[in-house]
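Some notes on the structure that comes next.
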Amino acid sequence: MLAFGAGVVFLRNPVSSAMCLVMAFVSLAALFVTLDAFFIGIIQILVYAGAVMVLFLFIIMLLDLKSEEARKLNVTAWIGGGVVLGGFVALLAKVLLGTPSLAALKQPLADPSLDDVRAVGFALFSDFNLPFQIVGVLLLAATVGVVLLSKKELK
Amino acid sequence: MTALSPLFYLTLLPLVTALFIMAGSNARLTARVSSVLMLVLSLVLLGSYRTAEGGFQFLSSIPVSESLGLSLSFGADGLSLAMLLLATIVTVSAVWVIPETVERANFFYACVMLISTGVIGAFASTDLLFFYAFHEVALIPTFLLIGIWGSGDRQAAAWKATIYLGLGSFVLLIGIMGLYLSGPAGMRTFDMITLREWAETGLLNPPDWVYLTLLFGFGSLVSLFPLHTWAPQAYASAPTPASMLHAGVLKKFGLYGMLRIVTPVFPEAMQTYLNLLLVLLVGNILYVGLVTIAQKRLDWMLGYSSVMHMGYIFLGIAGLNELSLSGAGVLMVAHGLSIAALFALSGALRERTGTLDFAELGGLGKSMPKLGLLFGFAAMASIGLPGFANFPGELLIFFGAMGASGGLAPGFQLNGLQITTIIAVWGVVISAVYMLRAYRKVFFGTMPERWAGLADISPVTRYSVVLLLAALMIIGFFPQLLLQYVTPSILLP
Amino acid sequence: MNPIYLEVIVVCLGITLLMVESFVSGIDKRLLAYGGIAGLGLVLAASFFIDPTLIPADARFYVADPLAIFFKRFALVATILVLVMSIDYAPVVESAIPGLGKGAGVGEFFTLPIFTCAGLMWMVSANDFISIFVSLELVTISFYVMVAYMRRSAQCLEAATKYFILGALSTGFLVYGITWIFGMTGQTSLAAIAEVLPTVPRENLMALMFGIALVLVALGFKVAAVPFQFWVPDVYQGAPTPVTAFLSVGSKAAGFVVLLRVLEPFFVLPVLQERLVLVLAVIAGATLIFGNLAALPQKNMKRLLAYSSIGHAGYLLMGVASVGAVMAGSAITFYLAAYLLMTFLAFLVLVVVSKVVGGAEIAKFNGLATRSPWLAGAMLVSMISLAGIPFTAGFLGKFLIFEAAVADGQYWLVGIGALTVACGFYYYLQVVRAMYWQPAPDDLPAIPVSLASKISMAALVLAIFVLGVYPQPILAMLG
Amino acid sequence: MDAAPTLAHYLAVSGLLFAIGLAGVLLRRNILIIFMGLELMLNAANLSLVAFSRYHLTAAGMPNYDAQVLVFFIITVAAAEVAVGLAIIVALFRVRQTTHVEDLNALKF
Amino acid sequence: MTPQTAPWFILLTPLVVAAVILFFGKISKPFSAGLAIAGAAFTCVLSWWLFAMPDFTDPIRIEWIDFARLLGPESTFQFAVPIGVTIDGLSKLMLVVVTTIATLVFTYSVGYMAKEEGYSRYFAGLSLFLFSMLGIVLADNFVMMFIFWELVGVSSYILIGHYFTRDSAAEACKQAFTVNRIGDFGFMLGILTFWLVTGTVVFAELEAGIGAFPSSGWLVAACVLVFCGTVGKSAQMPLHVWLPNSMEGPTPVSSLLHAATMVAAGVYMLARIFPILLAAPGALEVIGWIGGITCFAAGLMALQQDDIKRILAYSTISQLGYMVLGIAVAPVWGVAMFHLLTHACFKCLLFLCAGSVIMGMHHEQNIWKMGAIKNKMPFTFVAMVIGGLALMGFPWITSGYYSKDLIIEWAWGVGPGWFWMAALGVLLTALYTTRLLWVVFMGGPRSEAAKKAHESPIIMVAPLIILAIPSIILGFPGIQQMFLAIDHPHDVPGWVPWMLKAFVFLGIAIVIAIYRGAPAKDPIVIPFFANRLYIDNLYAWIVRWVQDGTATASGFFDRWFVDGLCVQGGAKFTWATGFVLRFLQTGNLQAYALFFGAGVIALIYFLIAIS
């Protein structure tokens, strides 16, 4: 999965990047499943590998993007980026290593016949009703926005 | 609710005038009438103040924020009344000397009235924060006055003065916060009267940094050396009424604050940092005095001279006894009147000649005898000639500062304050040197041909200046008149 | 009335306006804006009749404490003013989008702020990372759209792209940070976090801090704190002016409310508080310096206001860093209220003036005082309030903030603050200088001002002065 | 021996994925790719969340569904973000014919 | 009118007159002049009347500043400055001198100033001067004296600068004021020291209070500081330079202020505090040396002057030196005051005569342009010779002889240095006075103007005649006793008086021998004397290089360091920092992301660094 992720970033052709991204999403879904989060895994594939990636590819095709030409490498950007990334990874490592409780092993679940779709769905419509509605408004606003931004001629 | 203090109306008057003028009324007429009204009102207040009772009178208070202990409160004791009188006299004079030819007249008059609002409000407030706030009101009108109607390098002058004063007063504000916060928690207030009571009863124990912040905050507003360089340039560039009000009245705000807040609250800190203050004020008197001698233009010279005289007042404050503080109070009024007269006259001069460069002037006493005579009066007043109010002020300061540590004992050695006093007395010579030199260069000697046909000072300007000079002479002849208001207000711990 | 209805009504209002826009043809689109203003005004009025006790004390996603209610009103007022501004700005928008016929696409320009408003209102009430996240995203995504709105304008799109990329980046950090906080506490609710925090093993604090740091990054982005302020000048300059105003006030204010709420539970642990306050103070100092100093050489009004907005974020952060003082919370609130008034006043005048003079350079304001004295006067009031001259709301705001800082002993921060205040004098008075000192260029048409703008300006000027003398209404609203 | 994966393993993977996403943002100049990097970052967060949810069981011995709900929201929001973001990119491309970040330099200083 | 109120009338009348002339002077010239003369005559009459009345001890006194009244009766803090009058022999004598001479000079001025500009300004100035001078005379305390001390300074300034359009007059009045202020600096410090010790500034109380001085050193210091005032006002070395320059004023002014009265104020002040001085022998030492040096050195300078008024000015300085010396050597103030009295008459007379000559010569002041005018101006000639003889101290018949020799004889007993300086001063006086008289009146005419010289009008001549009489008779013991009491020294050897008489005759003889022909210019040239011992040049150098130099340096420092570097530099630096900072906003999205990332790293780093 990490390899695919790296592929997204380091491949020159946007289409290949996109394909790598799909693969990264799919493998991520697999990881979700190993964590007993089946519902999330499925959503992951449906939304990301399905909808989002189609959108990406569609746009790439629409804009007819060529592979990124070998523009002059921006050395400072790469050095700076490297330093930042290195710093981030180092700090993350420090946190991971510095927190012994993270070495915990997976505990078996109390009820292995996991009904997580029901559980998540129940949570969504009861406890999480308000955020759910807010997300609804968010989607409405986003929809309106996308229409406004991409429609050729507005009425 | 009790009736509002007449001081409230006195503060409101110029503000309302400014609004009327901006709304389009006849600027000249409105402002002139209103300024005279202000003077009358302040005289009435002065007359109805019960000196036998003393303390703050004409009190009224509108609570603004209970939680902050903030209220819009007015009240005046003798010192404030003296300053109010100064403010109104100079306002009258400043308003009446505005030339008829001024452009954007309504806006100009409105700005002048706003400055007046600020100074009057500051002197009439008994709430520390409003006291500060009123002073700041004058900042923007001054900025506009210098920037729009100034002369010389007006833009640079306006910027420097505004930012300098902005920063200085912000430092002051921080000091005020420090003072406020050192009150007992839960009871904190900005009420100056309460703060002074607390200082006496030991409830208020601000740390030393508050004193230093206040000193430098007030100091920069008063052009305490080395925070003085904004002043000469601003006064030189500002239009006449602005210089008059600013140098004459607004600058006294800082000194008033020193007398009102700093001396009663910080007697120990003042002793601890006495030498610092002494060095700075010697800088004002000696160093700035020398700089004044070196000036080559009348307006700059006057600006620097006004800076120099601040040193005397600070000496009075440093003396910290009845005499020297009373002297400081008297000199504040006196200096305000005399410097306003000088700026009024130099403004009239500039109007006629278009320049105040010593090298180009000379012999003008011949073509403008009246202006020359009045200028002579004002110049003599400013160098502390007896007969003018400046003299008793300086005299009391010298006596007070000299005697601050009591009498001469065996094995007596001069202390810092006394040495400073000696230097300050020498400052009298310095001020004579520069003032007479200026007078000689402008009014005496041979007159260049080009100035032959100049008209003498106009009657309105003349009477405006005479008003100032008359006030100076009345106080100079009868200092007790002023002292009976000022001295009892000098609260000593 | 249950406070939760306020947001519902606002959303319904937005949907209604969208419906009207879509299905009723041939009306003047400005009616939508007026409708929006009226509707929001009603909600604002309604907000005074709500009963916060109807919200259960243990409600997980929604609080209706005085702070929240105050900022709901704040959001409503801001949105109303944005709509007023938008009416004047509509012609500019119209010319910059490809439309068929008059008023095409303008309707949505009036309705989107209403959804944003709902988002802001939810945001200030949010007390759970989940509701914080979703409401914050609602606000952010609708801002993406609004910034990009004038899609024929390259500047606008550049601004939108920058905002979008950096915004999404900060969202990434926010989510990742929430993850870590959740991971270390097992909770997403702020109240619950405060409860369990003392039981969190000490060895986990580092990881917890890692999460807090990432959340702070995202909030720092929202409030334009250094070093997460980079988007601000470019986006403010490029975005449609009403949107800029909305961004600089609404989004920032909500950001600060969330910041205060998020930080609160972590201050339970002194060791965390000490460290957080120190870092916040450093950020505040850096923000003050950057915002105020970089504003000095600016020549463009919108960009100037952007840097000044960073500077004001610095003052507000100074207040946040002074949480040790009791008055810090009300100081921040008051400052934001004042900031709303003066910023909107500035932008209102800017919209009106730049429509005629065609540009937002400060030099375009030359001689405004002689051409339109009232407009210049309004701008003057706004500028002196921003600079912090007494008797304006801006002064009292600064005063309260600095007082909190002094009380909390943040002396070096106070020192930096004093210096930057002086810088503020310089750049705000640059505008005054242009309006009052400089001569007006000839042959320019008169500047028309719509009635709504006039009323708004007058109200804002009045409010600035009233609050500058009488802060009690605001302080009282906070209880 | 090859132990079962611990929480730290998952978190490390998630962190690296986050870093890779960040690298995409920092190093690539095509806005679309940058955008993909952002998506990776969000996904990395999701991974961590699910991992935390699985490892820190509730008192009932079940995964903490709060986290999974949050993941659900994140996915939804990310989708909306993608839509809006791509719309902006399309609009930008229409005006500027570019998706390179260096070309966006009209607004500066 | 009672003796109690009379001094107040005397004091205030001239002030009222001055004010009236200032406001209404433009009505007419005779109005101004008449009012001034009437005012002066009124004070004169009152003074004589008061002089005839017995002393009284309960003068009216008002408190000018009174802290006891301000702070309430319970206050322990005491400070008061009264404005009161002293009426004793000393002040009555001085009143008479001042008012009488003033009346004469005022009258004379009508003629002298008839054709001059600024007529009413002139009379207003004179009245102001009279007011101030009377204030000094009447003062009963140091502060009041200082007040009027300053006021005579300013009236002197006004009157010296009467011809203000002349550069030389403009410079002269400025110099006079400034130099006096230097003296006043010391005066003020002296007053402060006295007050510091005794807690009072009133003369009567001071005498009682000097016992409070912790050491005689402080008393001496206080007295010497006060004496600085005298040095300035009475033009003693080294502050004498202003007096010759003050001759730029109209001649009556020179006569009244700069010869007869104002410059004597310093001596009067010393006489006023004489009991205190007696308690401080160290101070008298200083006073004596200053007086002695002055009377000798000024005589030297007078020898080689060419301007008729400047010769007289230096002689004034020299004579003032005698008076100051008289204070130092004699046990009573009468000795110095006696010379003050006679000097006031004859020096005033001399100046008025000089004025008459100058008028007659059409405003020519150089004696080498005169000559042989004794017949053309007979009254003036006679009067001036009388004055000159009195100045020389011509034995037996002139007042100056009695007063001056008395001082010199007293000096014999105190110190040989002082005695010889004073005695040689007599020779010098004879030399320069005779030279003056001879060159002006004898020989042949040296210019057209001298040939056309004419006598002055009666209004100018009359005062000459009136003044000539006391110049002669005032010294006679009988008349002298009417005015003041003096002591004679007892241990003076017999040859001393004879030597002094010989010096006078010797001086006259030498001059006649040298100038007997009619030389067109001075046959003797001594640049050292002519250039006034180069003291003026030294001062000019000090002003130019020390004062103006430091001033310019300070100005430079203020402009370029305090303001330029610190203030504007600070502002520019801030601006420049902002200018640089904004380049962080490169406009490049990726740079922003990079900075953003760096910020994230830094933030995480600092936050997780909790221990």
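Every chain in the structure tokens has a letter given in the order shown (A, B, ...), and although residue numbers restart at 1 in each chain, ligands are simply numbered from 1 in the order shown.
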Check: which chain C residues lie within 7 Å of chain D using only C-alpha atoms, as JSON, numbers by chain: {"C": [130, 141, 148, 151, 152, 154, 155, 157, 158, 161, 164, 168, 169, 172, 175, 176, 179, 183, 234]}
Selection: 10 Å around B:Leu349, only C-alpha atoms, excl. self and same-chain fewer than 3 positions, as a PyMOL selection string: chain B and resi 298+343-346+352-356+364+368+371-372+442+454-457
Residues of chain B within 6 Å of chain C, counting only C-alpha atoms, as a PyMOL selection string: chain B and resi 64-65+133+147-148+163+167+177
Test item: residues at most 8 Å from stretch 88-93 of chain A, only C-alpha atoms, excluding those fewer than 2 positions along its chain, as a list of chain:residue names: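 After dropping sequence-adjacent residues, the list is A:Val84, A:Leu85, A:Gly86, A:Val95, A:Leu96, A:Leu97, D:Ala12, D:Gly15, D:Leu16, D:Ala19, E:Ile601, E:Ile604, E:Tyr605.
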Those of chain A in DSSP helix (DSSP H, G or I), formatted as a PyMOL selection string: chain A and resi 2-10+14-34+38-63+75-98+100-103+116-125+129-150
Restrict the distance test to only C-alpha atoms, flag each residue of chain C within 7 Å of chain A, and return the flagged residues as a PDB file with C-alpha atoms, in the first residue's frame.
```
ATOM      1  CA  PRO C  98     -20.171  33.391 -17.641  1.00  0.00           C
ATOM      2  CA  GLY C  99     -23.897  33.910 -17.505  1.00  0.00           C
ATOM      3  CA  LEU C 100     -26.886  34.015 -19.756  1.00  0.00           C
ATOM      4  CA  GLY C 101     -28.822  37.142 -19.136  1.00  0.00           C
ATOM      5  CA  ALA C 104     -27.272  34.930 -13.810  1.00  0.00           C
ATOM      6  CA  GLY C 105     -25.474  33.149 -10.999  1.00  0.00           C
ATOM      7  CA  PHE C 115     -25.286  28.194   4.553  1.00  0.00           C
ATOM      8  CA  SER C 131     -19.208  18.263  15.314  1.00  0.00           C
ATOM      9  CA  VAL C 134     -18.165  18.683  10.229  1.00  0.00           C
ATOM     10  CA  SER C 135     -19.261  22.229  10.935  1.00  0.00           C
ATOM     11  CA  LEU C 138     -19.186  23.063   6.079  1.00  0.00           C
ATOM     12  CA  ILE C 141     -16.103  24.120   1.739  1.00  0.00           C
ATOM     13  CA  SER C 142     -18.647  26.839   1.256  1.00  0.00           C
ATOM     14  CA  VAL C 145     -16.857  27.959  -3.471  1.00  0.00           C
ATOM     15  CA  TYR C 149     -16.994  32.421  -7.305  1.00  0.00           C
ATOM     16  CA  ARG C 151     -14.599  32.124 -12.175  1.00  0.00           C
ATOM     17  CA  GLU C 203       3.665   8.396  29.126  1.00  0.00           C
ATOM     18  CA  ASN C 204       0.795   9.013  26.740  1.00  0.00           C
ATOM     19  CA  MET C 206       3.562  13.096  24.365  1.00  0.00           C
ATOM     20  CA  ALA C 207       1.339  11.408  21.861  1.00  0.00           C
TER      21      ALA C 207
END
```
Who sits within 6 Å of C:Ala321, only C-alpha atoms, same chain under 5 positions skipped, as a list in words: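 Counting only the stated atoms, we get Val277, Leu280 and Ala281 of chain C.
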Within 8 Å of chain C, which residues belong to chain E? Use only C-alpha atoms and report them as a compact mmCIF listing (two decimals) with all heavy atoms, in the first residue's frame.
```txt
# COMPACT_ATOMS: atom_id res chain seq x y z
N THR E 574 12.19 49.28 11.23
CA THR E 574 10.95 48.52 11.34
C THR E 574 10.29 48.37 9.99
O THR E 574 9.86 47.28 9.59
CB THR E 574 9.99 49.26 12.29
OG1 THR E 574 10.70 49.61 13.47
CG2 THR E 574 8.81 48.40 12.66
N TRP E 575 10.27 49.47 9.27
CA TRP E 575 9.65 49.44 7.96
C TRP E 575 10.37 48.45 7.07
O TRP E 575 9.77 47.64 6.37
CB TRP E 575 9.68 50.83 7.35
CG TRP E 575 8.77 50.99 6.18
CD1 TRP E 575 7.46 51.38 6.22
CD2 TRP E 575 9.10 50.77 4.81
NE1 TRP E 575 6.95 51.40 4.96
CE2 TRP E 575 7.92 51.04 4.07
CE3 TRP E 575 10.24 50.38 4.14
CZ2 TRP E 575 7.88 50.93 2.69
CZ3 TRP E 575 10.20 50.26 2.75
CH2 TRP E 575 9.03 50.53 2.05
N THR E 577 12.16 45.95 7.93
CA THR E 577 11.89 44.58 8.36
C THR E 577 10.58 44.10 7.76
O THR E 577 10.49 42.98 7.24
CB THR E 577 11.80 44.51 9.89
OG1 THR E 577 12.90 45.22 10.43
CG2 THR E 577 11.82 43.09 10.36
N GLY E 578 9.59 44.97 7.83
CA GLY E 578 8.31 44.62 7.22
C GLY E 578 8.46 44.38 5.73
O GLY E 578 7.91 43.43 5.17
N PHE E 579 9.26 45.24 5.10
CA PHE E 579 9.46 45.13 3.66
C PHE E 579 10.06 43.78 3.33
O PHE E 579 9.68 43.13 2.35
CB PHE E 579 10.39 46.26 3.21
CG PHE E 579 10.44 46.44 1.74
CD1 PHE E 579 9.44 47.16 1.10
CD2 PHE E 579 11.46 45.90 0.99
CE1 PHE E 579 9.47 47.32 -0.26
CE2 PHE E 579 11.49 46.05 -0.37
CZ PHE E 579 10.49 46.77 -1.00
N VAL E 580 11.02 43.34 4.16
CA VAL E 580 11.66 42.06 3.92
C VAL E 580 10.72 40.92 4.26
O VAL E 580 10.60 39.95 3.52
CB VAL E 580 12.96 41.97 4.73
CG1 VAL E 580 13.55 40.57 4.62
CG2 VAL E 580 13.95 43.01 4.25
N LEU E 581 10.03 41.08 5.39
CA LEU E 581 9.15 40.00 5.84
C LEU E 581 8.11 39.64 4.79
O LEU E 581 7.77 38.48 4.61
CB LEU E 581 8.43 40.42 7.13
CG LEU E 581 9.10 40.07 8.45
CD1 LEU E 581 8.20 40.52 9.58
CD2 LEU E 581 9.35 38.58 8.54
N ARG E 582 7.62 40.65 4.12
CA ARG E 582 6.52 40.35 3.21
C ARG E 582 7.00 39.50 2.04
O ARG E 582 6.20 38.92 1.33
CB ARG E 582 5.86 41.62 2.73
CG ARG E 582 6.64 42.33 1.70
CD ARG E 582 6.18 43.73 1.47
NE ARG E 582 7.04 44.29 0.44
CZ ARG E 582 6.60 44.69 -0.74
NH1 ARG E 582 5.35 44.67 -1.02
NH2 ARG E 582 7.44 45.13 -1.65
N GLN E 585 5.89 36.02 1.61
CA GLN E 585 4.68 35.74 0.82
C GLN E 585 5.08 35.70 -0.64
O GLN E 585 4.81 36.63 -1.40
CB GLN E 585 3.63 36.83 1.05
CG GLN E 585 3.21 36.98 2.47
CD GLN E 585 2.25 35.89 2.91
OE1 GLN E 585 2.13 35.60 4.06
NE2 GLN E 585 1.57 35.26 1.96
N GLY E 587 4.02 34.10 -3.02
CA GLY E 587 2.99 33.87 -4.03
C GLY E 587 3.01 32.44 -4.53
O GLY E 587 2.12 32.03 -5.25
N LEU E 589 2.51 28.65 -4.17
CA LEU E 589 1.73 27.79 -3.30
C LEU E 589 2.60 26.76 -2.61
O LEU E 589 2.42 26.46 -1.42
CB LEU E 589 0.64 27.13 -4.13
CG LEU E 589 -0.32 26.22 -3.38
CD1 LEU E 589 -0.95 26.96 -2.22
CD2 LEU E 589 -1.40 25.76 -4.33
N TYR E 592 4.44 28.08 0.21
CA TYR E 592 3.55 28.22 1.35
C TYR E 592 3.40 26.89 2.07
O TYR E 592 3.47 26.80 3.30
CB TYR E 592 2.17 28.69 0.91
CG TYR E 592 2.11 30.11 0.40
CD1 TYR E 592 0.94 30.62 -0.13
CD2 TYR E 592 3.23 30.92 0.45
CE1 TYR E 592 0.86 31.91 -0.59
CE2 TYR E 592 3.17 32.21 -0.01
CZ TYR E 592 1.98 32.70 -0.54
OH TYR E 592 1.92 33.97 -1.01
N ALA E 593 3.17 25.86 1.26
CA ALA E 593 3.00 24.53 1.86
C ALA E 593 4.24 24.14 2.64
O ALA E 593 4.16 23.57 3.73
CB ALA E 593 2.69 23.51 0.78
N PHE E 595 6.50 26.16 4.05
CA PHE E 595 6.57 26.93 5.30
C PHE E 595 5.55 26.39 6.30
O PHE E 595 5.83 26.26 7.49
CB PHE E 595 6.29 28.41 5.06
CG PHE E 595 7.33 29.10 4.24
CD1 PHE E 595 6.99 30.01 3.26
CD2 PHE E 595 8.69 28.84 4.45
CE1 PHE E 595 7.95 30.66 2.52
CE2 PHE E 595 9.65 29.47 3.69
CZ PHE E 595 9.28 30.38 2.72
N PHE E 596 4.41 26.09 5.74
CA PHE E 596 3.34 25.53 6.57
C PHE E 596 3.84 24.27 7.26
O PHE E 596 3.72 24.10 8.48
CB PHE E 596 2.15 25.22 5.64
CG PHE E 596 0.86 24.96 6.33
CD1 PHE E 596 -0.15 25.88 6.25
CD2 PHE E 596 0.62 23.78 7.00
CE1 PHE E 596 -1.37 25.66 6.85
CE2 PHE E 596 -0.59 23.54 7.61
CZ PHE E 596 -1.59 24.48 7.53
N GLY E 599 6.28 24.95 9.86
CA GLY E 599 5.60 25.42 11.07
C GLY E 599 5.03 24.26 11.86
O GLY E 599 5.13 24.21 13.08
N VAL E 600 4.47 23.31 11.11
CA VAL E 600 3.89 22.14 11.78
C VAL E 600 4.97 21.40 12.57
O VAL E 600 4.80 21.06 13.74
CB VAL E 600 3.24 21.21 10.75
CG1 VAL E 600 2.77 19.93 11.41
CG2 VAL E 600 2.09 21.91 10.07
N LEU E 603 5.99 23.35 15.59
CA LEU E 603 4.95 23.34 16.61
C LEU E 603 4.94 22.00 17.33
O LEU E 603 4.91 21.93 18.57
CB LEU E 603 3.60 23.59 15.94
CG LEU E 603 2.45 23.85 16.89
CD1 LEU E 603 2.65 25.14 17.63
CD2 LEU E 603 1.14 23.90 16.11
N ILE E 604 4.99 20.91 16.54
CA ILE E 604 4.98 19.59 17.17
C ILE E 604 6.21 19.46 18.05
O ILE E 604 6.14 18.99 19.20
CB ILE E 604 4.99 18.48 16.09
CG1 ILE E 604 3.71 18.54 15.26
CG2 ILE E 604 5.13 17.12 16.73
CD1 ILE E 604 3.72 17.64 14.07
N PHE E 606 7.99 21.61 19.61
CA PHE E 606 7.95 22.35 20.89
C PHE E 606 6.89 21.77 21.82
O PHE E 606 7.07 21.77 23.03
CB PHE E 606 7.68 23.83 20.65
CG PHE E 606 8.90 24.56 20.19
CD1 PHE E 606 8.97 25.11 18.93
CD2 PHE E 606 10.01 24.67 21.02
CE1 PHE E 606 10.11 25.77 18.50
CE2 PHE E 606 11.14 25.32 20.59
CZ PHE E 606 11.19 25.87 19.33
N LEU E 607 5.80 21.29 21.25
CA LEU E 607 4.73 20.83 22.13
C LEU E 607 5.02 19.47 22.73
O LEU E 607 4.70 19.21 23.88
CB LEU E 607 3.41 20.81 21.37
CG LEU E 607 2.68 22.14 21.32
CD1 LEU E 607 1.37 21.99 20.57
CD2 LEU E 607 2.40 22.68 22.71
N ILE E 608 5.63 18.57 21.96
CA ILE E 608 5.85 17.25 22.54
C ILE E 608 7.09 17.22 23.41
O ILE E 608 7.41 16.21 24.01
CB ILE E 608 5.94 16.12 21.47
CG1 ILE E 608 7.20 16.29 20.62
CG2 ILE E 608 4.70 16.07 20.63
CD1 ILE E 608 7.42 15.12 19.70
N ALA E 609 7.76 18.35 23.48
CA ALA E 609 8.97 18.39 24.32
C ALA E 609 8.63 18.54 25.79
O ALA E 609 9.44 18.99 26.57
CB ALA E 609 9.89 19.51 23.87
N ILE E 610 7.42 18.16 26.18
CA ILE E 610 7.13 18.22 27.62
C ILE E 610 7.89 17.11 28.32
O ILE E 610 8.04 16.01 27.81
CB ILE E 610 5.62 18.07 27.90
CG1 ILE E 610 5.04 16.91 27.10
CG2 ILE E 610 4.89 19.33 27.63
CD1 ILE E 610 3.67 16.52 27.54
```
Quick one: everything within 9 Å of D:Arg28, counting only C-alpha atoms, minus sequence neighbours fewer than 5 positions away in the same chain. Send it as a short mmCIF file (atom, residue, chain, number, x, y, z; two decimals) with all heavy atoms, in the first residue's frame.
```
data_model
loop_
_atom_site.label_atom_id
_atom_site.label_comp_id
_atom_site.auth_asym_id
_atom_site.auth_seq_id
_atom_site.Cartn_x
_atom_site.Cartn_y
_atom_site.Cartn_z
N VAL A 9 2.79 9.72 -5.62
CA VAL A 9 3.54 10.94 -5.49
C VAL A 9 4.67 11.03 -6.50
O VAL A 9 4.95 12.09 -7.05
CB VAL A 9 4.08 11.05 -4.05
CG1 VAL A 9 4.98 12.25 -3.91
CG2 VAL A 9 2.93 11.13 -3.09
N PHE A 10 5.27 9.89 -6.78
CA PHE A 10 6.52 10.01 -7.54
C PHE A 10 6.38 9.66 -9.01
O PHE A 10 7.33 9.82 -9.75
CB PHE A 10 7.59 9.15 -6.87
CG PHE A 10 7.91 9.65 -5.49
CD1 PHE A 10 7.47 8.99 -4.36
CD2 PHE A 10 8.63 10.83 -5.35
CE1 PHE A 10 7.75 9.47 -3.10
CE2 PHE A 10 8.91 11.31 -4.10
CZ PHE A 10 8.47 10.64 -2.96
N ALA D 23 4.28 14.53 1.28
CA ALA D 23 5.33 14.67 0.26
C ALA D 23 4.71 15.07 -1.06
O ALA D 23 5.24 15.92 -1.79
CB ALA D 23 6.11 13.36 0.13
N ILE D 33 -2.14 16.22 -8.63
CA ILE D 33 -1.35 15.26 -7.85
C ILE D 33 -1.30 15.72 -6.39
O ILE D 33 -1.42 14.93 -5.46
CB ILE D 33 0.07 15.13 -8.41
CG1 ILE D 33 0.04 14.93 -9.91
CG2 ILE D 33 0.81 14.04 -7.70
CD1 ILE D 33 -0.36 13.56 -10.34
N ILE D 34 -1.12 17.02 -6.21
CA ILE D 34 -1.14 17.55 -4.86
C ILE D 34 -2.42 17.15 -4.16
O ILE D 34 -2.45 16.71 -3.02
CB ILE D 34 -1.01 19.08 -4.90
CG1 ILE D 34 0.39 19.49 -5.33
CG2 ILE D 34 -1.34 19.70 -3.54
CD1 ILE D 34 0.59 20.95 -5.47
N VAL D 101 1.38 24.71 -10.09
CA VAL D 101 1.30 25.70 -9.03
C VAL D 101 2.21 26.90 -9.28
O VAL D 101 1.90 28.01 -8.87
CB VAL D 101 1.64 25.10 -7.66
CG1 VAL D 101 0.50 24.27 -7.16
CG2 VAL D 101 2.93 24.34 -7.69
N GLN E 590 3.55 26.23 -3.38
CA GLN E 590 4.34 25.16 -2.79
C GLN E 590 5.26 25.69 -1.68
O GLN E 590 5.49 25.02 -0.67
CB GLN E 590 5.18 24.48 -3.84
CG GLN E 590 5.10 23.00 -3.68
CD GLN E 590 5.15 22.27 -4.98
OE1 GLN E 590 5.56 22.82 -5.99
NE2 GLN E 590 4.72 21.04 -4.96
#
```
